[in-house]
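Asks: The structure's right below; bear with me while I get my questions together.
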Amino acid sequence: MNSSVIIFPGSNCDRDMDVALKKFGFKNEMVWHDDQQLPKSDLIVLPGGFSYGDYLRCGSIAGKSKIIKSVIDFAAKGGLVLGICNGFQILTETGLLPGVLQQNKNIEFICKNVFVKVNNKNNKYFNSIDKDVLELHIAHNEGNYFCTSDELKMLKDNDLVAVSYCNEKGEVNEKSNPNGALQNIAGIFNKEKNILGMMPHPERMIDKYLSGEDGSIFFKNLLNNFK
Amino acid sequence: MRDVFTMGARPIANLNSIHFGSTQHKKTKNLLRGVVKGIGGYGNCIGVPTIGGQTCFDESYNGNILVNAMTLGLVNKKKIFYSKAAGIGKPVIYVGSKTGRDGIHGASMASAVFDDKIEEKKPTVQVGDPFTEKLLLEACLELMADDSIISIQDMGAAGLTSSSIEMASKGKLGIELDLSKVPCREEKMTPYEIMLSESQERMLIVLENGKEENAKKIFDKWDLDFAVIGKTTTSKKIELYFDSKKVADIPIDFLAEDAPEYDRKWKKTKLPQKIKFKKENFKSLKINNCLIKLLSNPNICEKKWIWNQYDHTVMGDTIQKPGGDAGVVRIHGTEKAVAASVDSSATYCFAHPLTGGKQVVCESWRNLISVGAEPIAITNCLNFGNPEKEKNMGEFVECVQGISEACKYLDFPVVSGNVSFYNETKDKGIKPTPSIGGVGLLKNYKNMLTMDLKNEGNVILVIGKTEGHLDQSVFARNVLNEKKGPPPEINLFNEKNNGSTVMKLIKEKLILSCRDVSLGGIIVTIAKMCIKGKKGVKLNKLKSLINKFEFFFSEDQGRYIIEVSKKNLKKIENILKENSVHFDNLGEVQKDNYINIDSEKISVDELSKHNKNWLMEYMAQ
């Protein structure tokens, strides 16, 4: 039940993630990007934010930082790596996940609650979640997922589209697509399903006084895997 | 934000008050789009939520838009950092971004009257870099954890010049700087340029001796420049060196304390005559049509297009998002929360600055109470035209007087502020626009109120007396096309009494939803509560002496709409009577989505559409 949250210069959801992980029972440590060694962890989280200002492509410089080598090794051994928002962008930049995250279709930053459909429960992130539709929160400027047709075929054939934007009823359609993402893709796995990258922020949905509580379901389930 | 974390406070919320020209003006749309992108781009990147704001459109801003930003920070009161330098021979440190040629004379441009040639001055605008700001924020807070810092100030207007002189002046010291040591971004910068550059994301720090190395380590970690550029002296002079040559030697008092003070001439604004509205003014009007017109008015319509572009949930403590009377964030890890609201009422201030000044403060006070927060303090940004004109100077003097009177009466201190003069283009100035940012405290965030109507069968009361004052209301200006007359009168006794009594009801948990009555009067307020709660209301037959338009659309002050349950009604009425607070029972919440008023049945869905779509459609055109 040990987790680590990596802080890059410009990360800004690192504390929120720390709060969420601890709330549900993880022993969490914050790790500086310039470190080489990861503490002993069951889960590594790349948090949201604007690493290095995102002045180049989002996540591209963070994808080359010192700690990332250890993250790649950790993932190769089957460790769980979760990238949220900027973390998802970093995962695509390191090549751990396919595709890219382009600027939102309406060329505006979007901050609001969305619904996502959980497509695959055969993994440690969603295995015991009863609900098929979760209400989560997005806050990003570049969340418009895109990949080549070969990559898309690979994702589909292996059932790797983790979550898709949908409406309250779970219908995945153009109207429920907030940012123009290819086929409403909100999050994807690698082939082994130990790496998950997604745009929505579960850590902002862990309290009924905040935007909602579906994030709690996500973290509780994640923790259950280590009990 | 820099001003806030300079004091050792971590920013926890941003708000903004933005004023644009007429929606018909050719530049308005682009400016709005750009400003929202700019505010969002900066706040979102740093990771501080933007929890509220205010947007106003008026042709007086056609040539000078206003962008006022407010930041709330959280600080341990025993660890506040100030800019007053102390001690002799202490190292003066430069940290942050490198100095470039941007922003030289920026402050003087911002204070100039604009003419046809103003476009040429575009290069004097500084370019902000939120990423560096975020690093600077974290590095400064890290350094502030121990007691290395004697004083710290950000390099704002007039850059290194004003920061160094202010620090020395406050400490009654001198300061010696070697400008060749200032980290520069561009080649061959002269001492003059270095002293006046307004490059952003820079700080000046006076450190304790011997703490340089540890401090440098922190700034290195965050990839920021760090340079010892001088020391404090006893000379009470600012002495500047460049390439080992003395390039300036000026007594500080001459620049700071002894600077000349203006005593400008000013003219009082007379209270305009009240307009006598005649029966035929209202003859062919229907409440429904008027309501649609007001709810889709640019100054009343929902501003979701704007705040959806601001990250308002980062930091995980935003419990009331933009769109309500005030934004609310929890104090992390405690039961407490702070509410904040920004307001301005240029129309009222223009008609009668003294009343307008009082009104903005009262509006802010009411907005805080409406979410259940105890008002604690305000900040203000005073935006005015050219003070060399007697009328403008008079507007300034009387608005300040109004603000002061209201703040004293309501025990609502002004803790900080900013003044912006010369908001004028080709002789045309803006309306007097004091923006007030109010802050309130909730001892327990679980007692926060929202404006959405909760349950059918509940009773709706209006607290405060409705006199039917239509002059200067949105209704008079937009439906009756009458732009003259005095603003609604401010009665500070009633304001305080009504507010405190509402607060009493909130503390006894007797109020289910609440909103203060402002632009558009009672009916616009109720409509917004219906829209948010997806409920309807059945309104009682009027017993009032004034006509229904005066009753529903007047903008009399000191009023709140509250939703209460029937079983508590007697108790509430007694408390209101005991405190001599006037109230009227307006009607009941009902399940079906209609506002029933006399013989009119108004669809809430229809109103909602007009309220929500206007800005979205305007920006899409």
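Just remember, in the structure tokens the first chain shown is A, the second B, etc., residues are 1-based per chain, and ligands are 1-based in the order shown.
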Quick one: contact table of chain A to chain B, 9 Å max, nearest atom pair and distance in Å to one decimal per residue, counting only C-alpha atoms, chain and number order, as a tab-separated table?
Replies:
```
residue	atom	partner	partner_atom	distance
A:Pro9	CA	B:Leu135	CA	6.7
A:Gly10	CA	B:Phe131	CA	6.0
A:Ser11	CA	B:Gly47	CA	8.2
A:Asn12	CA	B:Gly47	CA	5.1
A:Cys13	CA	B:Val314	CA	6.8
A:Arg15	CA	B:Met315	CA	7.3
A:Asp16	CA	B:Met315	CA	5.7
A:Val19	CA	B:Gly316	CA	8.8
A:Asp34	CA	B:Lys221	CA	8.9
A:Gly49	CA	B:Cys45	CA	6.7
A:Phe50	CA	B:Cys45	CA	5.8
A:Ser51	CA	B:Phe131	CA	8.3
A:Tyr52	CA	B:Phe131	CA	6.7
A:Gly53	CA	B:Phe131	CA	4.7
A:Asp54	CA	B:Phe131	CA	8.5
A:Tyr55	CA	B:Phe131	CA	8.9
A:Glu108	CA	B:Gln309	CA	6.5
A:Phe109	CA	B:Gln309	CA	4.7
A:Ile110	CA	B:Gln309	CA	5.1
A:Cys111	CA	B:Asn308	CA	5.0
A:Lys112	CA	B:Asn308	CA	6.5
A:His137	CA	B:Thr313	CA	8.7
A:Ala139	CA	B:Asp311	CA	6.1
A:His140	CA	B:Asp311	CA	8.2
A:Asn141	CA	B:Gln309	CA	8.8
A:Glu203	CA	B:Gly316	CA	7.7
A:Arg204	CA	B:Gly316	CA	5.6
A:Met205	CA	B:Gly316	CA	8.3
A:Ile206	CA	B:Gly316	CA	8.8
A:Tyr209	CA	B:Ile319	CA	5.7
A:Leu210	CA	B:Ile319	CA	5.2
A:Ser211	CA	B:Ile319	CA	7.7
```
Asks: Find the residues near B:Val517: any atom within 8 Å, counting only C-alpha atoms, skip ones fewer than 4 places away on the same chain, and give them as a list in words.
Replies: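 The residues that qualify are Gly521, Ile522, Thr525, Glu555, Gln557, Gly558, Arg559, Tyr560 and Ile561 of chain B.
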Asks: I'd like to know which of A:Lys117, A:Ile129, A:Val161, A:Leu222 is closest to A:Asn173, using only C-alpha atoms.
Replies: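 Answer, going by the shortest atom-to-atom distance: A:Lys117.
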Asks: If we count only C-alpha atoms, what is near B:Pro298 at a cut-off of 10 Å, once residues fewer than 3 positions away on the same chain are taken out, given as a VMD selection string?
Replies: chain B and resid 22 to 23 55 to 58 293 to 295 301 to 303 611 614 to 615 618
Asks: Using only C-alpha atoms, which protein or nucleic acid residues come within 12 Å of A:Ser60? Drop anything in the same chain fewer than 5 positions from it, and give the result as an MDAnalysis selection string.
Replies: chainID A and resid 8 50:55 65 68 86:95 100:101
Asks: Fewer than 3 positions away in the same chain doesn't count, so skip those; otherwise give me all residues within 9 Å of B:Phe549, counting only C-alpha atoms, as a ChimeraX atom specification.
Replies: /B:282,285,287,468,470,475,546,552-554
Asks: Store the residues of this selection in a file with C-alpha atoms, as a compact mmCIF listing (two decimals), in the first residue's frame.
Replies:
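Saved result, result.txt, follows:
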```
# COMPACT_ATOMS: atom_id res chain seq x y z
CA PHE B 282 -45.78 50.02 -17.98
CA LEU B 285 -45.42 45.25 -20.56
CA ILE B 287 -43.37 40.30 -16.71
CA GLY B 468 -40.08 50.42 -5.74
CA LEU B 470 -36.57 51.91 -10.39
CA PHE B 475 -35.16 47.39 -15.82
CA ILE B 546 -46.62 50.15 -5.74
CA PHE B 552 -40.53 43.02 -8.82
CA PHE B 553 -37.86 44.95 -10.74
CA SER B 554 -36.83 47.73 -8.37
```
Asks: When DSSP works through the backbone of this structure, what residues of stretch 315-360 of chain B end up as helix (DSSP H, G or I), shown as number ranges by chain?
Replies: B: 346-351, 353-360
Asks: Mind giving me the straight-line distance from atom CA of B:Met167 to atom CA of B:Ala85 in Å, one decimal?
Replies: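 Distance reported for this atom pair: 5.2 Å.
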Asks: Please provide as an mmCIF file with C-alpha atoms, in the first residue's frame all residues within 6 Å of stretch 98-101 of chain B, with the sequence filter that same-chain residues fewer than 5 positions apart are discarded (counting only C-alpha atoms).
Replies:
```
data_model
loop_
_atom_site.group_PDB
_atom_site.id
_atom_site.type_symbol
_atom_site.label_atom_id
_atom_site.label_comp_id
_atom_site.auth_asym_id
_atom_site.auth_seq_id
_atom_site.Cartn_x
_atom_site.Cartn_y
_atom_site.Cartn_z
ATOM 1 C CA PRO B 183 21.004 38.481 -14.198
ATOM 2 C CA CYS B 184 20.043 39.863 -17.637
ATOM 3 C CA ARG B 185 18.234 38.170 -20.475
ATOM 4 C CA GLU B 186 19.368 40.601 -23.141
ATOM 5 C CA SER B 197 12.623 46.942 -16.480
ATOM 6 C CA SER B 199 10.122 41.907 -16.355
#
```
Asks: To one decimal place, how far is atom CA of B:Leu442 from atom CA of B:Tyr42 in Å?
Replies: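 The value is 28.1 Å.
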Asks: DSSP on the backbone: which residues in stretch 58-182 of chain A end up as strand (DSSP E)? Give the answer as a compact mmCIF listing (two decimals) with C-alpha atoms, in the first residue's frame.
Replies:
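Below is the file part_3.txt, written as the result:
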```txt
# COMPACT_ATOMS: atom_id res chain seq x y z
CA LEU A 80 1.12 0.15 -11.29
CA VAL A 81 1.66 3.53 -12.91
CA LEU A 82 -1.21 6.01 -12.96
CA GLY A 83 -0.98 9.25 -14.95
CA ILE A 84 -3.69 11.84 -14.48
CA VAL A 100 -0.92 12.08 -28.19
CA LEU A 101 -3.08 14.64 -26.42
CA GLN A 102 -3.81 17.60 -28.64
CA ILE A 110 -12.26 23.27 -19.97
CA CYS A 111 -12.99 22.85 -16.27
CA LYS A 112 -16.17 20.90 -15.48
CA ASN A 113 -17.69 17.62 -14.35
CA VAL A 114 -18.04 14.89 -16.99
CA PHE A 115 -19.27 11.32 -17.09
CA VAL A 116 -17.06 8.47 -18.20
CA LYS A 117 -17.97 4.92 -19.11
CA VAL A 118 -15.80 2.22 -17.60
CA VAL A 133 -20.57 5.19 -15.35
CA LEU A 134 -18.51 7.48 -13.13
CA GLU A 135 -18.86 11.21 -12.70
CA LEU A 136 -15.40 12.75 -12.67
CA HIS A 137 -13.90 16.19 -13.20
CA ILE A 138 -11.77 17.49 -16.05
CA ALA A 139 -9.56 20.57 -16.10
CA HIS A 140 -7.31 20.75 -19.14
CA ASN A 144 -8.04 15.79 -27.17
CA TYR A 145 -6.72 12.23 -27.55
CA PHE A 146 -5.48 11.17 -30.96
CA VAL A 161 -9.68 1.93 -23.91
CA ALA A 162 -10.16 2.24 -20.15
CA VAL A 163 -12.72 5.05 -19.97
CA SER A 164 -14.72 6.99 -22.58
CA TYR A 165 -16.58 10.26 -22.20
CA CYS A 166 -20.32 9.60 -22.10
```
